[in-house]
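Dropping coords_35.tsv in here (TSV, C-alpha atoms and all ligand atoms):
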chain	number	residue	atom	x	y	z
L	1	MET	CA	-63.09	138.01	-154.81
L	2	ALA	CA	-66.27	139.57	-153.45
L	3	ALA	CA	-68.60	140.62	-156.29
L	4	THR	CA	-68.90	144.38	-156.70
L	5	LEU	CA	-70.79	144.42	-160.01
L	6	PRO	CA	-74.58	144.19	-160.04
L	7	ALA	CA	-75.75	140.97	-161.75
L	8	ALA	CA	-77.92	143.03	-164.12
L	9	LEU	CA	-74.86	144.92	-165.39
L	10	VAL	CA	-72.86	141.73	-165.93
L	11	GLU	CA	-75.78	140.21	-167.85
L	12	GLU	CA	-76.19	143.33	-169.98
L	13	ILE	CA	-72.50	143.32	-170.95
L	14	ARG	CA	-72.46	139.56	-171.56
L	15	ALA	CA	-75.50	139.84	-173.80
L	16	ARG	CA	-73.68	142.42	-175.88
L	17	LEU	CA	-70.14	140.97	-175.92
L	18	GLY	CA	-70.66	137.22	-175.49
L	19	ARG	CA	-67.33	135.42	-174.98
L	20	ARG	CA	-65.49	138.74	-175.05
L	21	ALA	CA	-66.76	139.34	-171.50
L	22	ARG	CA	-65.10	136.91	-169.09
L	23	ALA	CA	-65.68	136.72	-165.35
L	24	ALA	CA	-62.76	135.92	-163.03
L	25	GLU	CA	-60.18	136.09	-165.85
L	26	PRO	CA	-56.65	135.68	-164.40
L	27	LEU	CA	-54.77	138.90	-165.22
L	28	ALA	CA	-51.40	137.17	-164.96
L	29	ARG	CA	-52.21	136.11	-168.55
L	30	HIS	CA	-52.39	139.76	-169.59
L	31	THR	CA	-49.35	141.35	-167.91
L	32	SER	CA	-45.67	141.29	-168.87
L	33	TYR	CA	-44.88	140.41	-165.24
L	34	ARG	CA	-47.06	137.27	-165.55
L	35	ILE	CA	-48.44	138.37	-162.18
L	36	GLY	CA	-51.91	139.44	-161.10
L	37	GLY	CA	-55.12	138.08	-159.60
L	38	PRO	CA	-58.40	137.88	-161.54
L	39	ALA	CA	-60.45	140.64	-163.13
L	40	GLU	CA	-63.98	140.54	-161.75
L	41	LEU	CA	-65.10	140.99	-165.37
L	42	LEU	CA	-62.65	141.35	-168.27
L	43	VAL	CA	-64.22	142.81	-171.38
L	44	VAL	CA	-62.52	142.92	-174.78
L	45	PRO	CA	-64.59	145.20	-177.03
L	46	ASP	CA	-63.78	145.03	-180.73
L	47	SER	CA	-65.48	148.22	-181.86
L	48	ALA	CA	-66.06	151.75	-180.64
L	49	ASP	CA	-69.79	150.98	-180.42
L	50	ASP	CA	-69.23	147.98	-178.13
L	51	LEU	CA	-66.83	150.02	-176.03
L	52	ALA	CA	-69.27	152.93	-175.76
L	53	ASP	CA	-72.05	150.55	-174.66
L	54	VAL	CA	-69.84	149.03	-171.96
L	55	LEU	CA	-68.80	152.47	-170.68
L	56	ARG	CA	-72.38	153.78	-170.73
L	57	ALA	CA	-73.65	150.74	-168.83
L	58	ALA	CA	-70.80	150.91	-166.32
L	59	ASP	CA	-71.39	154.64	-165.81
L	60	ALA	CA	-75.12	154.09	-165.24
L	61	HIS	CA	-74.33	151.55	-162.48
L	62	ALA	CA	-71.40	153.60	-161.08
L	63	ALA	CA	-69.19	150.55	-161.69
L	64	ARG	CA	-65.42	150.86	-161.53
L	65	VAL	CA	-63.63	150.59	-164.91
L	66	THR	CA	-59.89	149.90	-165.24
L	67	LEU	CA	-58.09	150.09	-168.58
L	68	LEU	CA	-55.45	147.57	-169.51
L	69	GLY	CA	-53.25	147.88	-172.58
L	70	GLY	CA	-50.42	145.42	-173.08
L	71	GLY	CA	-50.00	145.15	-169.31
L	72	SER	CA	-46.31	146.06	-169.53
L	73	ASN	CA	-46.33	148.89	-167.00
L	74	VAL	CA	-48.71	147.56	-164.38
L	75	LEU	CA	-48.37	145.49	-161.25
L	76	VAL	CA	-51.77	143.93	-160.62
L	77	GLY	CA	-52.42	142.97	-156.99
L	78	ASP	CA	-52.72	139.29	-156.07
L	79	GLY	CA	-56.34	139.98	-155.09
L	80	GLY	CA	-57.13	140.97	-158.68
L	81	ILE	CA	-59.10	143.97	-159.95
L	82	PRO	CA	-62.68	144.49	-158.80
L	83	GLY	CA	-65.15	145.86	-161.32
L	84	ILE	CA	-64.73	145.93	-165.08
L	85	VAL	CA	-61.33	145.64	-166.75
L	86	VAL	CA	-61.36	146.82	-170.37
L	87	LYS	CA	-58.75	145.58	-172.81
L	88	LEU	CA	-59.24	146.87	-176.35
L	89	GLY	CA	-59.53	144.12	-178.96
L	90	ARG	CA	-58.39	143.63	-182.56
L	91	GLY	CA	-60.85	146.20	-183.86
L	92	PHE	CA	-58.56	148.83	-182.36
L	93	GLY	CA	-55.48	147.44	-184.11
L	94	ARG	CA	-55.50	149.34	-187.40
L	95	VAL	CA	-53.00	151.90	-188.73
L	96	ASP	CA	-53.94	154.39	-191.48
L	97	TRP	CA	-51.17	156.39	-193.17
L	98	THR	CA	-51.63	159.76	-194.87
L	99	GLU	CA	-48.79	161.38	-196.82
L	100	THR	CA	-48.08	165.05	-196.13
L	101	THR	CA	-45.64	167.42	-197.85
L	102	ASP	CA	-42.79	166.83	-195.40
L	103	GLY	CA	-43.73	163.43	-193.96
L	104	ALA	CA	-46.86	161.58	-193.04
L	105	SER	CA	-49.44	161.21	-190.37
L	106	ALA	CA	-50.34	157.85	-188.93
L	107	ARG	CA	-53.63	157.19	-187.17
L	108	ALA	CA	-52.99	154.17	-184.99
L	109	GLY	CA	-55.65	152.27	-183.05
L	110	ALA	CA	-54.97	152.15	-179.31
L	111	ALA	CA	-54.39	148.37	-179.40
L	112	VAL	CA	-51.58	148.63	-181.99
L	113	GLN	CA	-48.22	147.53	-180.57
L	114	LEU	CA	-46.05	150.67	-180.28
L	115	GLY	CA	-42.91	148.83	-181.44
L	116	ARG	CA	-44.66	147.52	-184.55
L	117	LEU	CA	-45.84	151.03	-185.40
L	118	ALA	CA	-42.29	152.36	-185.00
L	119	ARG	CA	-40.89	149.65	-187.31
L	120	ALA	CA	-43.61	150.25	-189.90
L	121	ALA	CA	-42.77	153.98	-189.82
L	122	ALA	CA	-39.06	153.21	-190.27
L	123	GLU	CA	-39.82	151.03	-193.30
L	124	ARG	CA	-41.58	154.03	-194.85
L	125	GLY	CA	-38.67	156.36	-194.10
L	126	LEU	CA	-40.59	158.22	-191.40
L	127	ALA	CA	-38.81	159.54	-188.33
L	128	GLY	CA	-40.13	160.36	-184.86
L	129	LEU	CA	-40.71	156.99	-183.21
L	130	GLU	CA	-37.21	155.46	-183.24
L	131	PHE	CA	-37.00	155.70	-179.44
L	132	ALA	CA	-39.90	153.21	-179.22
L	133	GLU	CA	-37.88	150.26	-180.50
L	134	GLY	CA	-38.07	147.66	-177.72
L	135	ILE	CA	-40.77	149.39	-175.65
L	136	PRO	CA	-43.49	146.76	-175.24
L	137	GLY	CA	-47.19	147.54	-174.98
L	138	THR	CA	-49.82	149.36	-176.95
L	139	VAL	CA	-50.28	152.82	-178.43
L	140	GLY	CA	-53.01	153.53	-175.83
L	141	GLY	CA	-50.75	152.60	-172.92
L	142	ALA	CA	-47.84	154.51	-174.44
L	143	LEU	CA	-49.97	157.63	-174.80
L	144	PHE	CA	-51.23	157.36	-171.21
L	145	MET	CA	-47.70	156.85	-169.87
L	146	ASN	CA	-46.01	159.21	-172.33
L	147	ALA	CA	-43.59	156.34	-172.92
L	148	GLY	CA	-40.09	157.32	-173.91
L	149	ALA	CA	-36.44	156.38	-174.01
L	150	TYR	CA	-33.06	157.76	-174.99
L	151	GLY	CA	-34.23	161.36	-175.19
L	152	GLY	CA	-37.44	160.72	-177.17
L	153	ASP	CA	-41.02	160.30	-176.06
L	154	VAL	CA	-44.52	159.85	-177.40
L	155	ALA	CA	-45.52	163.45	-176.63
L	156	ARG	CA	-43.24	164.82	-179.34
L	157	ALA	CA	-44.94	162.86	-182.12
L	158	VAL	CA	-48.61	163.11	-181.08
L	159	ALA	CA	-50.95	165.41	-183.00
L	160	VAL	CA	-54.37	164.29	-181.78
L	161	VAL	CA	-55.93	161.74	-179.44
L	162	GLU	CA	-59.29	160.09	-180.06
L	163	GLY	CA	-61.26	158.37	-177.37
L	164	LEU	CA	-64.38	158.07	-175.30
L	165	GLY	CA	-65.25	159.85	-172.10
L	166	ARG	CA	-66.23	157.97	-168.97
L	167	ASP	CA	-69.88	157.94	-170.12
L	168	GLY	CA	-69.06	156.66	-173.62
L	169	THR	CA	-69.17	160.04	-175.40
L	170	PRO	CA	-66.62	160.32	-178.27
L	171	ARG	CA	-64.02	163.09	-177.90
L	172	ARG	CA	-61.01	164.33	-179.83
L	173	LEU	CA	-58.22	166.01	-177.90
L	174	ALA	CA	-55.53	168.10	-179.58
L	175	ALA	CA	-52.04	167.25	-178.37
L	176	SER	CA	-51.65	170.89	-177.29
L	177	SER	CA	-54.49	170.40	-174.78
L	178	LEU	CA	-52.74	167.48	-173.04
L	179	ALA	CA	-50.24	168.33	-170.35
L	180	PHE	CA	-47.59	165.73	-171.10
L	181	GLY	CA	-44.94	165.23	-168.43
L	182	TYR	CA	-42.27	162.70	-167.58
L	183	ARG	CA	-44.09	159.35	-167.92
L	184	ARG	CA	-47.51	160.90	-167.60
L	185	THR	CA	-50.29	162.54	-169.58
L	186	GLU	CA	-53.15	164.56	-168.16
L	187	LEU	CA	-56.19	162.91	-169.71
L	188	PRO	CA	-59.72	163.63	-168.47
L	189	ALA	CA	-60.64	161.16	-165.66
L	190	GLY	CA	-61.97	157.91	-167.07
L	191	PHE	CA	-60.99	158.80	-170.65
L	192	VAL	CA	-60.36	155.76	-172.86
L	193	VAL	CA	-57.90	156.31	-175.70
L	194	THR	CA	-59.14	154.56	-178.85
L	195	ALA	CA	-56.68	155.96	-181.42
L	196	VAL	CA	-53.73	158.33	-181.63
L	197	GLY	CA	-52.75	160.51	-184.58
L	198	PHE	CA	-48.97	160.84	-184.95
L	199	ARG	CA	-47.13	163.41	-187.04
L	200	LEU	CA	-43.93	161.93	-188.51
L	201	ARG	CA	-41.26	163.55	-190.68
L	202	ARG	CA	-39.59	162.19	-193.78
L	203	ASP	CA	-35.99	160.98	-193.41
L	204	ASP	CA	-33.59	158.57	-195.06
L	205	PRO	CA	-34.86	155.04	-194.20
L	206	VAL	CA	-31.28	153.86	-193.64
L	207	ARG	CA	-30.74	156.56	-191.03
L	208	VAL	CA	-34.08	155.88	-189.35
L	209	ARG	CA	-33.33	152.15	-189.16
L	210	GLY	CA	-29.83	152.97	-187.90
L	211	ARG	CA	-31.21	154.98	-184.98
L	212	MET	CA	-33.58	152.13	-184.14
L	213	ALA	CA	-30.74	149.60	-184.22
L	214	GLU	CA	-28.81	151.84	-181.87
L	215	ALA	CA	-31.75	152.01	-179.43
L	216	ARG	CA	-32.10	148.20	-179.61
L	217	ALA	CA	-28.40	147.67	-178.91
L	218	ARG	CA	-28.42	150.03	-175.91
L	219	ARG	CA	-31.47	148.28	-174.49
L	220	LEU	CA	-30.03	144.79	-174.99
L	221	ALA	CA	-26.77	145.79	-173.33
L	222	ALA	CA	-28.39	147.36	-170.27
L	223	GLN	CA	-31.62	145.52	-169.45
L	224	PRO	CA	-32.48	142.04	-168.23
L	225	HIS	CA	-34.06	139.66	-170.70
L	226	GLY	CA	-35.58	136.23	-170.44
L	227	GLN	CA	-37.40	136.86	-167.15
L	228	PRO	CA	-40.82	138.52	-166.94
L	229	ASN	CA	-40.72	142.10	-165.70
L	230	GLY	CA	-42.50	145.43	-165.96
L	231	GLY	CA	-39.68	147.64	-167.21
L	232	SER	CA	-38.34	150.42	-164.99
L	233	VAL	CA	-39.90	150.16	-161.56
L	234	PHE	CA	-39.17	153.75	-160.46
L	235	LYS	CA	-38.97	157.05	-162.30
L	236	ASN	CA	-35.54	158.61	-162.48
L	237	PRO	CA	-35.31	161.46	-159.94
L	238	ALA	CA	-34.14	164.80	-161.36
L	239	GLY	CA	-30.44	164.62	-162.25
L	240	ASP	CA	-29.96	161.00	-161.22
L	241	HIS	CA	-30.93	157.44	-162.07
L	242	ALA	CA	-33.12	155.21	-159.92
L	243	GLY	CA	-31.00	152.18	-160.94
L	244	ARG	CA	-27.80	153.87	-159.77
L	245	LEU	CA	-29.33	154.78	-156.40
L	246	ILE	CA	-30.69	151.26	-155.82
L	247	GLU	CA	-27.37	149.71	-156.81
L	248	ALA	CA	-25.47	152.14	-154.55
L	249	ALA	CA	-27.80	151.07	-151.71
L	250	GLY	CA	-26.42	147.54	-152.15
L	251	LEU	CA	-29.72	146.06	-153.28
L	252	LYS	CA	-28.79	144.44	-156.60
L	253	GLY	CA	-29.81	140.79	-156.43
L	254	ALA	CA	-32.06	141.25	-153.35
L	255	ARG	CA	-34.92	138.74	-153.22
L	256	ALA	CA	-38.45	138.59	-151.83
L	257	GLY	CA	-40.23	135.31	-152.52
L	258	ARG	CA	-39.76	134.62	-156.22
L	259	ALA	CA	-39.06	138.25	-157.15
L	260	ARG	CA	-35.57	139.69	-157.43
L	261	ILE	CA	-33.92	143.04	-158.03
L	262	SER	CA	-32.12	142.39	-161.30
L	263	GLU	CA	-28.37	141.82	-161.18
L	264	ARG	CA	-28.18	143.41	-164.59
L	265	HIS	CA	-30.09	146.64	-163.92
L	266	ALA	CA	-31.15	147.58	-160.39
L	267	ASN	CA	-34.26	149.49	-161.54
L	268	PHE	CA	-35.78	146.24	-162.81
L	269	ILE	CA	-37.46	143.68	-160.57
L	270	VAL	CA	-37.80	140.34	-162.31
L	271	ASN	CA	-40.20	137.46	-161.75
L	272	GLU	CA	-38.06	134.36	-161.33
L	273	GLY	CA	-41.13	132.18	-161.83
L	274	GLY	CA	-44.22	132.14	-159.63
L	275	ALA	CA	-43.61	135.55	-157.99
L	276	ARG	CA	-46.60	137.25	-156.38
L	277	ALA	CA	-47.41	140.94	-156.66
L	278	ALA	CA	-46.74	141.14	-152.91
L	279	ASP	CA	-43.14	139.93	-153.53
L	280	VAL	CA	-42.49	142.70	-156.08
L	281	LYS	CA	-44.16	145.25	-153.81
L	282	ALA	CA	-42.00	144.13	-150.85
L	283	LEU	CA	-38.85	144.78	-152.91
L	284	MET	CA	-40.19	148.16	-154.01
L	285	ASP	CA	-40.80	149.11	-150.37
L	286	VAL	CA	-37.27	148.04	-149.40
L	287	ALA	CA	-35.73	149.98	-152.30
L	288	GLN	CA	-37.69	153.14	-151.40
L	289	ARG	CA	-36.77	152.90	-147.71
L	290	VAL	CA	-33.07	152.04	-148.12
L	291	VAL	CA	-32.48	154.61	-150.89
L	292	TRP	CA	-34.19	157.23	-148.71
L	293	GLU	CA	-31.98	156.35	-145.74
L	294	ARG	CA	-28.76	156.34	-147.82
L	295	SER	CA	-29.39	159.14	-150.31
L	296	GLY	CA	-32.31	161.20	-149.04
L	297	VAL	CA	-34.20	160.55	-152.29
L	298	TRP	CA	-37.76	159.17	-152.24
L	299	LEU	CA	-38.19	157.06	-155.37
L	300	GLU	CA	-41.52	157.47	-157.12
L	301	PRO	CA	-42.91	154.36	-158.86
L	302	GLU	CA	-43.17	154.39	-162.64
L	303	LEU	CA	-44.94	151.03	-162.46
L	304	ARG	CA	-48.66	151.50	-161.89
L	305	LEU	CA	-49.95	149.47	-158.95
L	306	VAL	CA	-53.57	148.50	-159.51
L	307	GLY	CA	-56.17	146.26	-157.95
L	308	THR	CA	-56.46	144.65	-154.55
L	309	TRP	CA	-53.45	143.76	-152.39
U	401	LIG	C1	-38.98	145.10	-170.78
U	401	LIG	C2	-39.70	146.42	-170.68
U	401	LIG	C3	-39.06	147.58	-171.11
U	401	LIG	C4	-39.70	148.81	-171.01
U	401	LIG	N1	-39.06	149.93	-171.44
U	401	LIG	C5	-39.69	151.12	-171.37
U	401	LIG	C6	-39.04	152.31	-171.85
U	401	LIG	O1	-37.91	152.30	-172.33
U	401	LIG	N2	-39.72	153.49	-171.74
U	401	LIG	C7	-40.98	153.55	-171.21
U	401	LIG	O2	-41.55	154.64	-171.17
U	401	LIG	N3	-41.61	152.44	-170.76
U	401	LIG	C8	-41.00	151.24	-170.83
U	401	LIG	N4	-41.64	150.11	-170.37
U	401	LIG	C9	-42.95	150.26	-169.73
U	401	LIG	C10	-44.15	150.05	-170.68
U	401	LIG	O3	-43.78	149.23	-171.77
U	401	LIG	C11	-44.69	151.37	-171.23
U	401	LIG	O4	-45.11	152.22	-170.17
U	401	LIG	C12	-45.86	151.13	-172.17
U	401	LIG	O5	-46.11	152.29	-172.89
U	401	LIG	C13	-47.14	150.68	-171.46
U	401	LIG	O6	-48.06	150.29	-172.45
U	401	LIG	P1	-49.13	149.14	-172.16
U	401	LIG	O7	-50.04	149.07	-173.35
U	401	LIG	O8	-48.48	147.89	-171.77
U	401	LIG	O9	-49.92	149.79	-170.96
U	401	LIG	P2	-50.41	149.10	-169.60
U	401	LIG	O10	-49.24	148.67	-168.81
U	401	LIG	O11	-51.45	148.07	-169.89
U	401	LIG	O12	-51.13	150.34	-168.90
U	401	LIG	C14	-50.37	151.45	-168.46
U	401	LIG	C15	-51.35	152.55	-168.04
U	401	LIG	O13	-52.01	153.05	-169.20
U	401	LIG	C16	-53.43	152.97	-169.04
U	401	LIG	N5	-54.00	152.65	-170.35
U	401	LIG	C17	-53.66	151.60	-171.15
U	401	LIG	N6	-54.36	151.64	-172.28
U	401	LIG	C18	-55.18	152.73	-172.21
U	401	LIG	C19	-56.17	153.30	-173.07
U	401	LIG	N7	-56.45	152.76	-174.26
U	401	LIG	N8	-56.79	154.41	-172.66
U	401	LIG	C20	-56.52	154.98	-171.46
U	401	LIG	N9	-55.61	154.48	-170.59
U	401	LIG	C21	-54.95	153.37	-170.96
U	401	LIG	C22	-53.66	151.88	-168.02
U	401	LIG	O14	-54.87	152.05	-167.34
U	401	LIG	C23	-52.45	152.04	-167.11
U	401	LIG	O15	-52.68	153.03	-166.14
U	401	LIG	C24	-41.01	148.88	-170.46
U	401	LIG	C25	-41.65	147.71	-170.02
U	401	LIG	C26	-41.00	146.49	-170.13
U	401	LIG	C27	-41.71	145.25	-169.66

Would you mind giving the structure from this file in structure tokens?
Ligand SMILES: Cc1cc2nc3c(=O)[nH]c(=O)nc-3n(C[C@H](O)[C@H](O)[C@H](O)COP(=O)(O)OP(=O)(O)OC[C@H]3O[C@@H](n4cnc5c(N)ncnc54)[C@H](O)[C@@H]3O)c2cc1C
Amino acid sequence: MAATLPAALVEEIRARLGRRARAAEPLARHTSYRIGGPAELLVVPDSADDLADVLRAADAHAARVTLLGGGSNVLVGDGGIPGIVVKLGRGFGRVDWTETTDGASARAGAAVQLGRLARAAAERGLAGLEFAEGIPGTVGGALFMNAGAYGGDVARAVAVVEGLGRDGTPRRLAASSLAFGYRRTELPAGFVVTAVGFRLRRDDPVRVRGRMAEARARRLAAQPHGQPNGGSVFKNPAGDHAGRLIEAAGLKGARAGRARISERHANFIVNEGGARAADVKALMDVAQRVVWERSGVWLEPELRLVGTW
């Protein structure tokens, strides 16, 4: 990959973060697809101060910054990601609980696994995150994507979002100021989520756990497992399902290189081992074109395509 970062910037970040700044780090190690070329510079800050320094330095050099959470909703190009890739470290993995009269609030660091947070809430008899059972990835990624399933989504439980602006300035955003939509949130450009405050309501722990078990069972019955993937590839168009349209187009089981449209659920493309991003992208292009020809619906990707192709 051609270097895009000035040597002085790389040195400055390395001096601050040491081994938590790694040049040419293969991103296939950091995505659920197990696909992706290298990050020009992967940085894993462990504190808000480190993160702010990285953002300030990047901003001063007009360097490109890409955020990576758990890598479960991204398809990273085979050419990798130029510039700085930020993945929040363990210092952003804390959850603080505060009891309220009718429930509790949970302030979760952006690197907390969403599923773990949902299970911890269930153990405390707190409702609002049951839908998240089985959704991989982090709280930061889930907030950015407004992750959801089975009628629930993150937006309904968020009270406040903490983070840093593009230039490293701390900001707090009330949930009411964020325009949540279907699998999207309107955050200020370059905003890095560092923590999310959730408002959860008290309920019978048995009932909360029951709803989570139900979500788990539905997921297990419908989705592929055992092969790396990135979840739903396309958003569901209004009033229909992307999987149904792709299946009706006769594309279940279609292959490109080592990638395949799942036999189990046509809105999943799985990596059969050694797939390239270009293989997944080729199948996405075919699905969009054939579904358009057959049904007149243009499927919009839910998967975020990043980096160089
Ligand atoms: C098997 C499987 C099942 C899935 N099922 C579902 C499902 O039922 N419902 C659903 O909604 N999704 C589902 N997904 C997709 C994915 O898990 C969610 O979108 C998840 O919330 C992404 O979180 P992540 O941390 O992995 O984010 P990533 O994939 O790393 O990033 C997603 C986006 O968020 C941005 N981002 C990440 N962290 C931050 C941050 N701290 N600040 C600002 N921006 C950030 C990234 O830049 C990127 O644009 C599934 C995925 C898989 C592999």

Discussion item. Residues contacting ligand LIG 401 (chain U) - anything with an atom at most 6 Å away, using all atoms listed in the file - can you give me those as an MDAnalysis selection string?
Written reply: chainID L and resid 32 66:74 110 135:138 140:142 144:145 147:149 191:194 229:231

Practice prompt. Please identify all polymer residues within 7 Å of L:Asp46, counting all atoms listed in the file, omitting same-chain residues fewer than 4 positions from it, and present them as a list in words.
Written response: Asp50, Leu88, Gly89, Arg90, Gly91 and Phe92 of chain L

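The spacing separating atom CA of L:Ser176 from atom CA of L:Val161 amounts to 10.3 Å.
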
Worksheet item: Excluding same-chain residues fewer than 3 positions from stretch 196-207 of chain L, what lies within 7 Å of it counting all atoms listed in the file, as a ChimeraX atom specification?
Response: /L:102-110,122-128,157-162,210-211

Fill in: Spatial neighbours of L:Ser262, max dist 8 Å, all atoms listed in the file, sep filter under 3 positions, as a ChimeraX atom specification
/L:224,252-253,265-270

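Checking L:Trp309, L:Arg29, L:Ala213, L:Asn236 one by one against L:Pro82, counting only C-alpha atoms, you find the shortest gap at L:Trp309.
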
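Between L:Ile84 and the candidates L:Pro237, L:Pro301, L:Pro170, L:Pro6, the tightest atom-to-atom separation, counting all atoms listed in the file, involves L:Pro6.
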
What would stretch 181-206 of chain L look like with N, CA and C atoms restored, written as a compact mmCIF listing (two decimals), in the frame of the given file?
# COMPACT_ATOMS: atom_id res chain seq x y z
N GLY L 181 -46.09 165.07 -169.32
CA GLY L 181 -44.94 165.23 -168.43
C GLY L 181 -44.08 163.98 -168.53
N TYR L 182 -43.15 163.88 -167.59
CA TYR L 182 -42.27 162.70 -167.58
C TYR L 182 -43.08 161.48 -167.17
N ARG L 183 -43.32 160.59 -168.11
CA ARG L 183 -44.09 159.35 -167.92
C ARG L 183 -45.51 159.61 -167.42
N ARG L 184 -46.10 160.69 -167.92
CA ARG L 184 -47.51 160.90 -167.60
C ARG L 184 -48.17 161.83 -168.61
N THR L 185 -49.48 161.68 -168.73
CA THR L 185 -50.29 162.54 -169.58
C THR L 185 -51.52 162.91 -168.78
N GLU L 186 -51.93 164.16 -168.87
CA GLU L 186 -53.15 164.56 -168.16
C GLU L 186 -54.35 164.33 -169.07
N LEU L 187 -54.97 163.18 -168.95
CA LEU L 187 -56.19 162.91 -169.71
C LEU L 187 -57.38 163.16 -168.77
N PRO L 188 -58.55 163.49 -169.34
CA PRO L 188 -59.72 163.63 -168.47
C PRO L 188 -59.95 162.31 -167.72
N ALA L 189 -60.43 162.38 -166.47
CA ALA L 189 -60.64 161.16 -165.66
C ALA L 189 -61.55 160.19 -166.39
N GLY L 190 -61.14 158.94 -166.45
CA GLY L 190 -61.97 157.91 -167.07
C GLY L 190 -61.91 157.88 -168.58
N PHE L 191 -61.08 158.73 -169.19
CA PHE L 191 -60.99 158.80 -170.65
C PHE L 191 -60.32 157.53 -171.20
N VAL L 192 -60.94 156.95 -172.23
CA VAL L 192 -60.36 155.76 -172.86
C VAL L 192 -59.81 156.16 -174.23
N VAL L 193 -58.52 155.99 -174.41
CA VAL L 193 -57.90 156.31 -175.70
C VAL L 193 -58.27 155.21 -176.69
N THR L 194 -58.82 155.58 -177.84
CA THR L 194 -59.14 154.56 -178.85
C THR L 194 -58.21 154.64 -180.06
N ALA L 195 -57.64 155.81 -180.32
CA ALA L 195 -56.68 155.96 -181.42
C ALA L 195 -55.83 157.20 -181.19
N VAL L 196 -54.63 157.18 -181.76
CA VAL L 196 -53.73 158.33 -181.63
C VAL L 196 -53.25 158.71 -183.03
N GLY L 197 -53.30 160.01 -183.32
CA GLY L 197 -52.75 160.51 -184.58
C GLY L 197 -51.34 161.01 -184.34
N PHE L 198 -50.37 160.43 -185.09
CA PHE L 198 -48.97 160.84 -184.95
C PHE L 198 -48.56 161.64 -186.17
N ARG L 199 -47.70 162.64 -185.94
CA ARG L 199 -47.13 163.41 -187.04
C ARG L 199 -45.66 163.01 -187.16
N LEU L 200 -45.29 162.45 -188.33
CA LEU L 200 -43.93 161.93 -188.51
C LEU L 200 -43.26 162.65 -189.67
N ARG L 201 -41.94 162.80 -189.61
CA ARG L 201 -41.26 163.55 -190.68
C ARG L 201 -40.44 162.60 -191.56
N ARG L 202 -40.32 163.02 -192.81
CA ARG L 202 -39.59 162.19 -193.78
C ARG L 202 -38.09 162.22 -193.48
N ASP L 203 -37.45 161.06 -193.61
CA ASP L 203 -35.99 160.98 -193.41
C ASP L 203 -35.50 159.79 -194.22
N ASP L 204 -34.19 159.69 -194.34
CA ASP L 204 -33.59 158.57 -195.06
C ASP L 204 -33.87 157.28 -194.29
N PRO L 205 -34.51 156.28 -194.92
CA PRO L 205 -34.86 155.04 -194.20
C PRO L 205 -33.64 154.37 -193.57
N VAL L 206 -32.49 154.49 -194.20
CA VAL L 206 -31.28 153.86 -193.64
C VAL L 206 -30.93 154.52 -192.31
